[in-house]
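Okay, so here's the structure we're looking at.
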Amino acid sequence: MEKTYQPQSIEAPIYQRWEENNYFAPSGNGAPFSIMIPPPNVTGSLHMGHAFQHSIMDAMIRRARMQGKQTLWQPGSDHAGIATQMVVERQLAAQNTTRKELGREKFLEKVWEWKGQSGGTISDQMRVLGDSVDWSKERFTMDPGMSEAVQEVFVRLYDEGIIYRGQRLVNWDPKLHTAISDLEVISEEENGFLWHFRYPLADGAKTADGKDYIVVATTRPETMLGDSAVAVAPDDERYQDLVGKEIELPLVGRKVPIIADDYVDKEFGTGCVKITPAHDFNDYEMGKRHDLPMINILTDDASINDNSPEKYQGMDRFEARKVIVADFEALGLLDKIDDHKLKVPRSERGNTVVEPYLTNQWYVAVETLAKPAIEAVENGDIQFVPKQWENTYFSWMRDLQDWCISRQLWWGHQIPAWYDAQGKFYVGKDEATVREKYSLGDDVELTQDEDVLDTWFSSALWTFATQGWPEETEEFKLFSESDVLVTGFDIIFFWVARMIMMTLKFTDKVPFKTVYITGLIRDERGDKMSKSKGNVIDPLDLINGIDIESLVQKRTYGMMQPRLAEKVEKNTRSAYPEGIQAYGTDALRFTLCSLASGGRDIKFDLNRLEGYRNFCNKIWNATRYVLMNTEEKDCGQSGSDVELSLADRWIISRLQQAESAVNKAYDTHRYDLAAQALYEFMWHEYCDWYLELSKPVLWDENATEAQLTGTRRTLVRVLEAFLRLAHPMMPFLTEEIWHRVAPLAGVEGETIMLASYPEADDSKLDHDAENDVEWLKGVIEGIRNIRGEMDIAPSKPLNILFRNGSEQDKARMLANTAFLQKLAKLETLTWLEKGDEAPMSATALVGDMEVLVPMAGLIDKDAELARLQKEIDKATKDLQRIEGKLSNESFVAKAPEAVVAKERAKSDDLKQAVAKLEEQKVSIESL
RNA sequence: GGGUGUGUAGCUCAGUUGGGAGAGCGUCGCCCUUACAAGGCGAAUGUCGGGAGUUCGAACCUCUCCACACCCA
């Protein structure tokens, strides 16, 4: 074996072997266990969040597989309508053409081409990450099977009246020319203005204070072209007399009524609100209540259309805004302009300001779907982890708007609806079916709806459509009700909720029993990783390493603004002056698992990764030690006699506890605790203590063959079990090592992937051994503490005396002399009987027993006094606190007996300790 | 404005039904001891955001205030 752990050389060949041997496919006939991957955007690449989720999913899947379940981890990708179409359109723009120029068919060919080109990136990344997905089952949301399921669902929902077509106000992206759902709109506060316009009252009407106009305030002046009312609060005295009268709309010349509506806030602005039903969601509602005309003043590009005075027609909305404000001013009707912070709705894709726009779209009426979806979570059929997220889910589900599912795009599932020449539409799987279903003769010309469905409409069917639905296939029965969904909280609404609704509706099953919500990975400063900030880390760069120049280039590539690129470069160079080292997949995966504590935000810290890379190296080197001492020697595989040492019995007992801690952590989805338990056991018990304790046995010339075999057997068996225990989180390293270790432990198998997952065996717990080793560690640590504090070189052998010990102490000393000599580097150990003289010594306490390190020639008097004082202070402080408790009558009377007894015992121990330390201090002082 | 979450060692975070404040990284000291310097041994470090309450006892439960983050309107 190499002297240090070199991940690069072991990982790729191992994955290839796993894949070639088809270990990832479901096998056996255990209970089914499945996870459906949240399908990533097919033309994208995996980021840290994916790496995080995949690490957890793979850990779950690998453990389940090792537990003998029939496991399926279903891979696949999503066609990501808008995102993908935008990428390809950008490519076309670079070639000076557009999708319209190409035409729909040619354009789609281009998209498929691009998909073929970039689609492999993600699967390559997944292989590097070690994902044990069943590649033979890989699906794409535009696969024929998926498309069929999408059509089926659409038609059935339409036939049931759940899908309908209607004219509604939608969020319109004027650049992409498509409707988008509420969820795709990001509203953030921006600096803007509140313009106050004077609207002259018609027919000589006057306000209460004698003015011939009223003032309305608006953040979007251009919409005034479509005003169809002015509203005031019904109980607003200022305007009560004006309700029912009219104003004359400036620039337009239309007379519009003044109406009263509860929606109006008297306190905001002037208390008068202009109402533009066709261009504002609130106004739209009010328009419906008051039966106001809906005057659309925009085109698809958000320019002013023909419904407006000629002067403004064809102007862009923002240009029109300027002109209209200027015109108001010229008319003396601009009352004032205030600075104003407002939420500006922007499209998630492309950042364009979104317009509420009146169009015909397809909708899903979600009410009937939502009810069972809420119940499934209420009654526990589906559980969120952490549970907190159920509230988020409920609050959204209980206030659900109908879902606009049509998109004016070309890339996606084209809507299975056909129009005749009169614009009447018919819904069915394909044209022939439609003709038959609606008895339409060949003379009726039909054209299919141009629009496509929202991407989330198809991904909502993911768990069952990937398993062959609507056919009742074997896979469908086994796996479509998956065990866990692992995803981020940002798509609870987009995806999780919609999957639950659709799956319940069409299969009567839940899509998953548990939703495990991960935190969001942020950079080391806590900022969200984003391309524009240039703080994105590619998980592959952590695995393979990257030099600083390549990293800078990668982060600044394709940035629109040179100024940003400069900043990104500067930050990158200061954060990673030397680039990033290659840490390997296992270290990354283990790190990510160790961060999965259920928190919302996770700051990713390279130091943490380095620490776990070192852990991998520790395992590697511990293995080297074990192999050196066991290979080609009898390790008890064939049943020869063995005698177990105290250390052997102890580490076996500790292993059981580690196994139960890890299993419990998995069962409660606490991957951080599982990682911690593995780390703690391997490093601080197996390496720090057990390996050291094995040396005195293995190096003892007088050891019997049974003793040697016993220790060798324990060395390999415990290591082998640990490898299986750790495998789901660090698959490559454990596989690599396991092939050398397993035969020595008498375990056979082609791969650790299919070996059994360790379960604790309580019969192997050994409390006596644990107590004995605790004692042993106490003595060794006491001596080491004196060495450390007194600057006695570790190489200097010591002569130790034990005083005031019990019979049990004496027995333990005699039984463990070899261990003590080796681990504390001792020359002699002397047991003092009562009355025996002891030289002046530094003292460590182990229970009542004193461990004495003679000072002569080694220890300075003052130094020992200082050390003693420190110990005394510490013990005294503890003692005071406990005495305080015990002297409190209520505590003694009301606290449980066991608690009181425990405190009493502690108090006694501390009193004794302080007394002994004081005694020791006095005798040293008297020197 | 409504809601959710977070605040524990210099940093990143654990803390399981309320009962002795922990880990990793970093820091300091000593050591290349035949697995490992990506290491070993030892040490230091906390008003558990502030305040109040419940309780014999609060990092943990209740209230309140402060700071930060996110979601919704």
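Just remember, in the structure tokens the first chain shown is A, the second B, etc., residues are 1-based per chain, and ligands are 1-based in the order shown.
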Can you build me a table of chain A residues sitting at most 6 Å from chain B, with the closest atom pair per residue and its distance in Å to one decimal, using only C-alpha atoms (C1' of nucleotides), sorted by chain and residue number, as a Markdown table?
| residue | atom | partner | partner_atom | distance |
| --- | --- | --- | --- | --- |
| A:Asn614 | CA | B:A38 | C1' | 4.7 |
| A:Asn621 | CA | B:A35 | C1' | 4.6 |
| A:Ala622 | CA | B:A35 | C1' | 5.0 |
| A:Arg624 | CA | B:A35 | C1' | 5.4 |
| A:Tyr625 | CA | B:A35 | C1' | 4.1 |
| A:Asn785 | CA | B:G42 | C1' | 6.0 |
| A:Gly788 | CA | B:G42 | C1' | 4.5 |
| A:Ser890 | CA | B:C56 | C1' | 4.4 |
| A:Phe891 | CA | B:C56 | C1' | 3.6 |
| A:Lys894 | CA | B:C56 | C1' | 5.6 |
Quiz item: Using only C-alpha atoms (C1' of nucleotides), which residues sit within 7 Å of segment 371-386 of chain A once same-chain residues fewer than 2 positions away are excluded, as a PyMOL selection string?
Solution: chain A and resi 367-369+388-390+394+397+500-501+512-517+598
Self-check item: Non-local contacts of segment 536-548 of chain A (7 Å; only C-alpha atoms (C1' of nucleotides); under 2 positions in same chain excluded) as a PyMOL selection string
Solution: chain A and resi 47-48+51+529-531+534+550-552+576-585+588
Hey, can you spit out that residue selection with N, CA and C atoms as an mmCIF file, in the first residue's frame?
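Final file, out-v1.cif:
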data_model
loop_
_atom_site.group_PDB
_atom_site.id
_atom_site.type_symbol
_atom_site.label_atom_id
_atom_site.label_comp_id
_atom_site.auth_asym_id
_atom_site.auth_seq_id
_atom_site.Cartn_x
_atom_site.Cartn_y
_atom_site.Cartn_z
ATOM 1 N N HIS A 47 -24.135 21.146 -9.051
ATOM 2 C CA HIS A 47 -23.446 22.079 -8.167
ATOM 3 C C HIS A 47 -23.326 21.459 -6.777
ATOM 4 N N MET A 48 -22.862 22.246 -5.838
ATOM 5 C CA MET A 48 -22.622 21.710 -4.492
ATOM 6 C C MET A 48 -23.899 21.176 -3.853
ATOM 7 N N ALA A 51 -24.385 17.781 -5.119
ATOM 8 C CA ALA A 51 -23.398 16.870 -4.525
ATOM 9 C C ALA A 51 -23.830 16.506 -3.105
ATOM 10 N N MET A 529 -24.231 30.667 -3.204
ATOM 11 C CA MET A 529 -23.330 30.513 -4.337
ATOM 12 C C MET A 529 -24.064 30.890 -5.622
ATOM 13 N N SER A 530 -23.471 31.781 -6.401
ATOM 14 C CA SER A 530 -24.090 32.107 -7.673
ATOM 15 C C SER A 530 -23.028 32.505 -8.681
ATOM 16 N N LYS A 531 -23.376 32.224 -9.909
ATOM 17 C CA LYS A 531 -22.451 32.500 -11.002
ATOM 18 C C LYS A 531 -22.053 33.978 -11.010
ATOM 19 N N GLY A 534 -19.699 34.799 -8.532
ATOM 20 C CA GLY A 534 -18.420 34.149 -8.802
ATOM 21 C C GLY A 534 -17.892 33.362 -7.623
ATOM 22 N N SER A 550 -6.831 28.126 -13.682
ATOM 23 C CA SER A 550 -8.007 27.475 -14.266
ATOM 24 C C SER A 550 -9.276 27.871 -13.515
ATOM 25 N N LEU A 551 -9.135 27.992 -12.196
ATOM 26 C CA LEU A 551 -10.304 28.335 -11.387
ATOM 27 C C LEU A 551 -10.799 29.743 -11.723
ATOM 28 N N VAL A 552 -9.866 30.674 -11.849
ATOM 29 C CA VAL A 552 -10.231 32.043 -12.203
ATOM 30 C C VAL A 552 -10.912 32.059 -13.566
ATOM 31 N N TYR A 576 -8.470 31.493 -2.675
ATOM 32 C CA TYR A 576 -7.725 30.261 -2.994
ATOM 33 C C TYR A 576 -6.408 30.604 -3.685
ATOM 34 N N PRO A 577 -5.470 31.215 -2.952
ATOM 35 C CA PRO A 577 -4.226 31.636 -3.602
ATOM 36 C C PRO A 577 -3.509 30.482 -4.300
ATOM 37 N N GLU A 578 -3.672 29.298 -3.788
ATOM 38 C CA GLU A 578 -2.963 28.158 -4.384
ATOM 39 C C GLU A 578 -3.905 27.257 -5.190
ATOM 40 N N GLY A 579 -5.088 27.744 -5.490
ATOM 41 C CA GLY A 579 -6.049 26.858 -6.122
ATOM 42 C C GLY A 579 -6.650 25.922 -5.080
ATOM 43 N N ILE A 580 -7.193 24.822 -5.542
ATOM 44 C CA ILE A 580 -7.822 23.867 -4.624
ATOM 45 C C ILE A 580 -7.139 22.519 -4.788
ATOM 46 N N GLN A 581 -6.807 21.904 -3.661
ATOM 47 C CA GLN A 581 -6.184 20.576 -3.697
ATOM 48 C C GLN A 581 -7.197 19.513 -4.119
ATOM 49 N N ALA A 582 -6.676 18.374 -4.488
ATOM 50 C CA ALA A 582 -7.551 17.237 -4.785
ATOM 51 C C ALA A 582 -7.829 16.491 -3.483
ATOM 52 N N TYR A 583 -9.078 16.526 -3.051
ATOM 53 C CA TYR A 583 -9.406 15.873 -1.779
ATOM 54 C C TYR A 583 -10.041 14.498 -1.965
ATOM 55 N N GLY A 584 -10.519 14.234 -3.159
ATOM 56 C CA GLY A 584 -11.129 12.920 -3.397
ATOM 57 C C GLY A 584 -12.604 12.896 -3.058
ATOM 58 N N THR A 585 -13.307 11.969 -3.685
ATOM 59 C CA THR A 585 -14.750 11.870 -3.521
ATOM 60 C C THR A 585 -15.156 11.495 -2.101
ATOM 61 N N LEU A 588 -15.070 14.352 0.276
ATOM 62 C CA LEU A 588 -16.153 15.298 0.002
ATOM 63 C C LEU A 588 -17.487 14.751 0.503
#
Quiz prompt | segment 663-676 of chain A surroundings by only C-alpha atoms (C1' of nucleotides), 6 Å radius, close-in-sequence under 4 positions cut, as a PyMOL selection string | solution = chain A and resi 593-597+680
Quiz item: Expressed in Å to a single decimal, how great is the separation between atom CA of Gly287 of chain A and atom CA of Val230 of chain A?
Solution: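 Here the two named atoms are 10.8 Å from each other.
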Practice problem: Give me the residues within 12 Å of segment 737-740 of chain A as JSON, numbers by chain, counting only C-alpha atoms (C1' of nucleotides) and dropping any in the same chain fewer than 3 places off. | Solution: {"A": [1, 2, 5, 7, 10, 11, 14, 616, 617, 619, 620, 621, 622, 623, 624, 626, 627, 628, 630, 631, 632, 716, 717, 718, 719, 720, 721, 722, 723, 724, 725, 726, 727, 730, 731, 732, 733, 734, 743, 744, 745, 746, 747, 748, 749, 750, 751, 752, 753, 754, 755]}
Practice problem: Would you kindly return, as a PyMOL selection string, each protein, DNA or RNA residue with an atom no farther than 12 Å from any atom of Leu776 of chain A, considering only C-alpha atoms (C1' of nucleotides) and excluding same-chain residues fewer than 3 positions away? | Solution: chain A and resi 646-647+650+689+693+769-773+779-783+809-824+846-847+851
For A52 of chain B, list every protein, DNA or RNA residue within 12 Å, evaluated using only C-alpha atoms (C1' of nucleotides), and leave out those in the same chain fewer than 4 positions away; present the list as an mmCIF file with N, CA, C and O atoms (P, O5', C5', C4', C3', O3' and C1' of nucleotides), in the first residue's frame.
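Wrote it out as selection-v2.cif, contents follow:
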data_model
loop_
_atom_site.group_PDB
_atom_site.id
_atom_site.type_symbol
_atom_site.label_atom_id
_atom_site.label_comp_id
_atom_site.auth_asym_id
_atom_site.auth_seq_id
_atom_site.Cartn_x
_atom_site.Cartn_y
_atom_site.Cartn_z
ATOM 1 P P U B 62 -41.592 27.016 24.643
ATOM 2 O "O5'" U B 62 -42.254 27.993 25.722
ATOM 3 C "C5'" U B 62 -43.573 27.755 26.197
ATOM 4 C "C4'" U B 62 -43.989 28.893 27.085
ATOM 5 C "C3'" U B 62 -43.736 30.285 26.522
ATOM 6 O "O3'" U B 62 -44.778 30.687 25.644
ATOM 7 C "C1'" U B 62 -42.932 30.192 28.734
ATOM 8 P P C B 63 -44.458 31.686 24.447
ATOM 9 O "O5'" C B 63 -44.270 33.078 25.195
ATOM 10 C "C5'" C B 63 -45.353 33.677 25.882
ATOM 11 C "C4'" C B 63 -44.877 34.872 26.663
ATOM 12 C "C3'" C B 63 -44.126 35.926 25.855
ATOM 13 O "O3'" C B 63 -44.999 36.781 25.146
ATOM 14 C "C1'" C B 63 -42.960 35.498 27.872
ATOM 15 P P U B 64 -44.508 37.439 23.779
ATOM 16 O "O5'" U B 64 -43.417 38.468 24.289
ATOM 17 C "C5'" U B 64 -43.813 39.601 25.074
ATOM 18 C "C4'" U B 64 -42.584 40.344 25.539
ATOM 19 C "C3'" U B 64 -41.632 40.765 24.430
ATOM 20 O "O3'" U B 64 -42.039 41.961 23.789
ATOM 21 C "C1'" U B 64 -40.399 39.769 26.188
ATOM 22 P P C B 65 -41.689 42.195 22.264
ATOM 23 O "O5'" C B 65 -40.189 42.711 22.360
ATOM 24 C "C5'" C B 65 -39.893 43.930 23.052
ATOM 25 C "C4'" C B 65 -38.415 44.017 23.322
ATOM 26 C "C3'" C B 65 -37.523 43.911 22.091
ATOM 27 O "O3'" C B 65 -37.439 45.130 21.376
ATOM 28 C "C1'" C B 65 -36.653 42.542 23.801
#
Practice problem: Write down as a VMD selection string the residues belonging to segment 381-508 of chain A that are assigned strand (DSSP E) by DSSP computed on the backbone. | Solution: chain A and resid 383 to 385 403 to 404 406 to 407 417 to 419 425 to 427 447 to 448 452 to 453 482 to 488
Please, could you write that set of residues out with N, CA, C and O atoms as a CSV table (one decimal), in the first residue's frame?
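What follows is the written file out_12.csv:
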chain,number,residue,atom,x,y,z
A,383,GLN,N,-44.1,12.2,5.6
A,383,GLN,CA,-43.5,12.9,6.7
A,383,GLN,C,-42.3,13.8,6.2
A,383,GLN,O,-41.5,13.3,5.4
A,384,PHE,N,-42.3,15.0,6.6
A,384,PHE,CA,-41.2,15.9,6.3
A,384,PHE,C,-40.1,15.8,7.4
A,384,PHE,O,-40.5,15.7,8.6
A,385,VAL,N,-38.9,15.8,7.0
A,385,VAL,CA,-37.7,15.8,7.9
A,385,VAL,C,-36.8,16.9,7.5
A,385,VAL,O,-36.4,16.9,6.3
A,403,TRP,N,-53.2,26.8,-11.0
A,403,TRP,CA,-51.8,26.7,-11.5
A,403,TRP,C,-51.9,26.9,-13.1
A,403,TRP,O,-52.5,26.1,-13.8
A,404,CYS,N,-51.2,28.0,-13.5
A,404,CYS,CA,-51.1,28.2,-14.9
A,404,CYS,C,-50.1,27.3,-15.5
A,404,CYS,O,-48.9,27.4,-15.2
A,406,SER,N,-49.7,26.5,-19.0
A,406,SER,CA,-49.3,26.7,-20.4
A,406,SER,C,-48.1,27.7,-20.5
A,406,SER,O,-48.1,28.6,-19.7
A,407,ARG,N,-47.2,27.4,-21.4
A,407,ARG,CA,-46.1,28.3,-21.6
A,407,ARG,C,-45.9,28.5,-23.1
A,407,ARG,O,-46.0,27.6,-23.9
A,417,ALA,N,-54.2,19.6,-27.3
A,417,ALA,CA,-55.5,20.2,-27.6
A,417,ALA,C,-55.4,20.7,-29.0
A,417,ALA,O,-54.4,21.2,-29.5
A,418,TRP,N,-56.6,20.6,-29.7
A,418,TRP,CA,-56.6,21.0,-31.1
A,418,TRP,C,-57.8,22.0,-31.3
A,418,TRP,O,-58.8,21.9,-30.7
A,419,TYR,N,-57.5,23.0,-32.2
A,419,TYR,CA,-58.5,24.0,-32.5
A,419,TYR,C,-59.1,23.9,-33.9
A,419,TYR,O,-58.3,23.5,-34.8
A,425,PHE,N,-62.0,24.4,-29.2
A,425,PHE,CA,-60.9,23.4,-28.9
A,425,PHE,C,-61.4,22.0,-28.4
A,425,PHE,O,-62.4,21.9,-27.9
A,426,TYR,N,-60.5,21.0,-28.7
A,426,TYR,CA,-60.8,19.6,-28.4
A,426,TYR,C,-59.6,19.0,-27.8
A,426,TYR,O,-58.5,19.2,-28.3
A,427,VAL,N,-59.8,18.3,-26.7
A,427,VAL,CA,-58.6,17.8,-26.0
A,427,VAL,C,-58.6,16.2,-26.2
A,427,VAL,O,-59.6,15.6,-26.0
A,447,THR,N,-55.8,22.3,-35.8
A,447,THR,CA,-54.4,22.6,-35.6
A,447,THR,C,-54.1,22.5,-34.1
A,447,THR,O,-55.0,22.9,-33.2
A,448,GLN,N,-53.0,21.9,-33.8
A,448,GLN,CA,-52.7,21.7,-32.4
A,448,GLN,C,-52.3,23.0,-31.7
A,448,GLN,O,-51.7,23.9,-32.3
A,452,VAL,N,-46.7,24.8,-24.9
A,452,VAL,CA,-46.2,23.6,-24.2
A,452,VAL,C,-46.6,23.8,-22.7
A,452,VAL,O,-47.0,24.8,-22.3
A,453,LEU,N,-46.4,22.7,-22.1
A,453,LEU,CA,-46.7,22.6,-20.6
A,453,LEU,C,-45.5,23.1,-19.8
A,453,LEU,O,-44.4,22.8,-20.1
A,482,SER,N,-42.0,5.6,-3.5
A,482,SER,CA,-40.6,5.6,-3.1
A,482,SER,C,-40.5,5.9,-1.6
A,482,SER,O,-41.5,6.3,-0.9
A,483,ASP,N,-39.4,5.6,-1.0
A,483,ASP,CA,-39.2,5.7,0.4
A,483,ASP,C,-38.8,7.1,0.8
A,483,ASP,O,-39.4,7.6,1.8
A,484,VAL,N,-37.9,7.7,0.1
A,484,VAL,CA,-37.5,9.1,0.5
A,484,VAL,C,-37.3,10.0,-0.7
A,484,VAL,O,-36.9,9.5,-1.7
A,485,LEU,N,-37.6,11.2,-0.5
A,485,LEU,CA,-37.3,12.2,-1.5
A,485,LEU,C,-36.3,13.1,-0.8
A,485,LEU,O,-36.6,13.6,0.3
A,486,VAL,N,-35.2,13.4,-1.4
A,486,VAL,CA,-34.2,14.3,-0.8
A,486,VAL,C,-34.1,15.5,-1.7
A,486,VAL,O,-33.8,15.4,-2.9
A,487,THR,N,-34.4,16.6,-1.1
A,487,THR,CA,-34.4,17.8,-1.9
A,487,THR,C,-34.3,19.1,-1.1
A,487,THR,O,-34.3,19.0,0.2
A,488,GLY,N,-34.1,20.2,-1.7
A,488,GLY,CA,-34.0,21.5,-1.0
A,488,GLY,C,-35.3,22.1,-0.7
A,488,GLY,O,-36.3,21.9,-1.4
Practice problem: Between atom CA of Ser308 of chain A and atom CA of Pro257 of chain A, measure the distance and give it in Å to one decimal. | Solution: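 Value for the atom CA of Ser308 of chain A-atom CA of Pro257 of chain A distance: 18.5 Å.
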Quiz prompt | Best match for closeness to A67 of chain B among B:C32, B:G7, B:A21, B:U55, counting only C-alpha atoms (C1' of nucleotides) | solution =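 Under the stated criterion, the closest residue is B:G7.
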Practice problem: Run DSSP on the backbone of this structure and report the residues of segment 255-332 of chain A it assigns to helix (DSSP H, G or I), as a PyMOL selection string. | Solution: chain A and resi 281-290+310-312+317-330
Quiz prompt | Distance of atom CA of Asp301 of chain A from atom CA of Leu194 of chain A, expressed in Å to one decimal place | solution =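 Computed distance, atom CA of Leu194 of chain A to atom CA of Asp301 of chain A, equals 24.2 Å.
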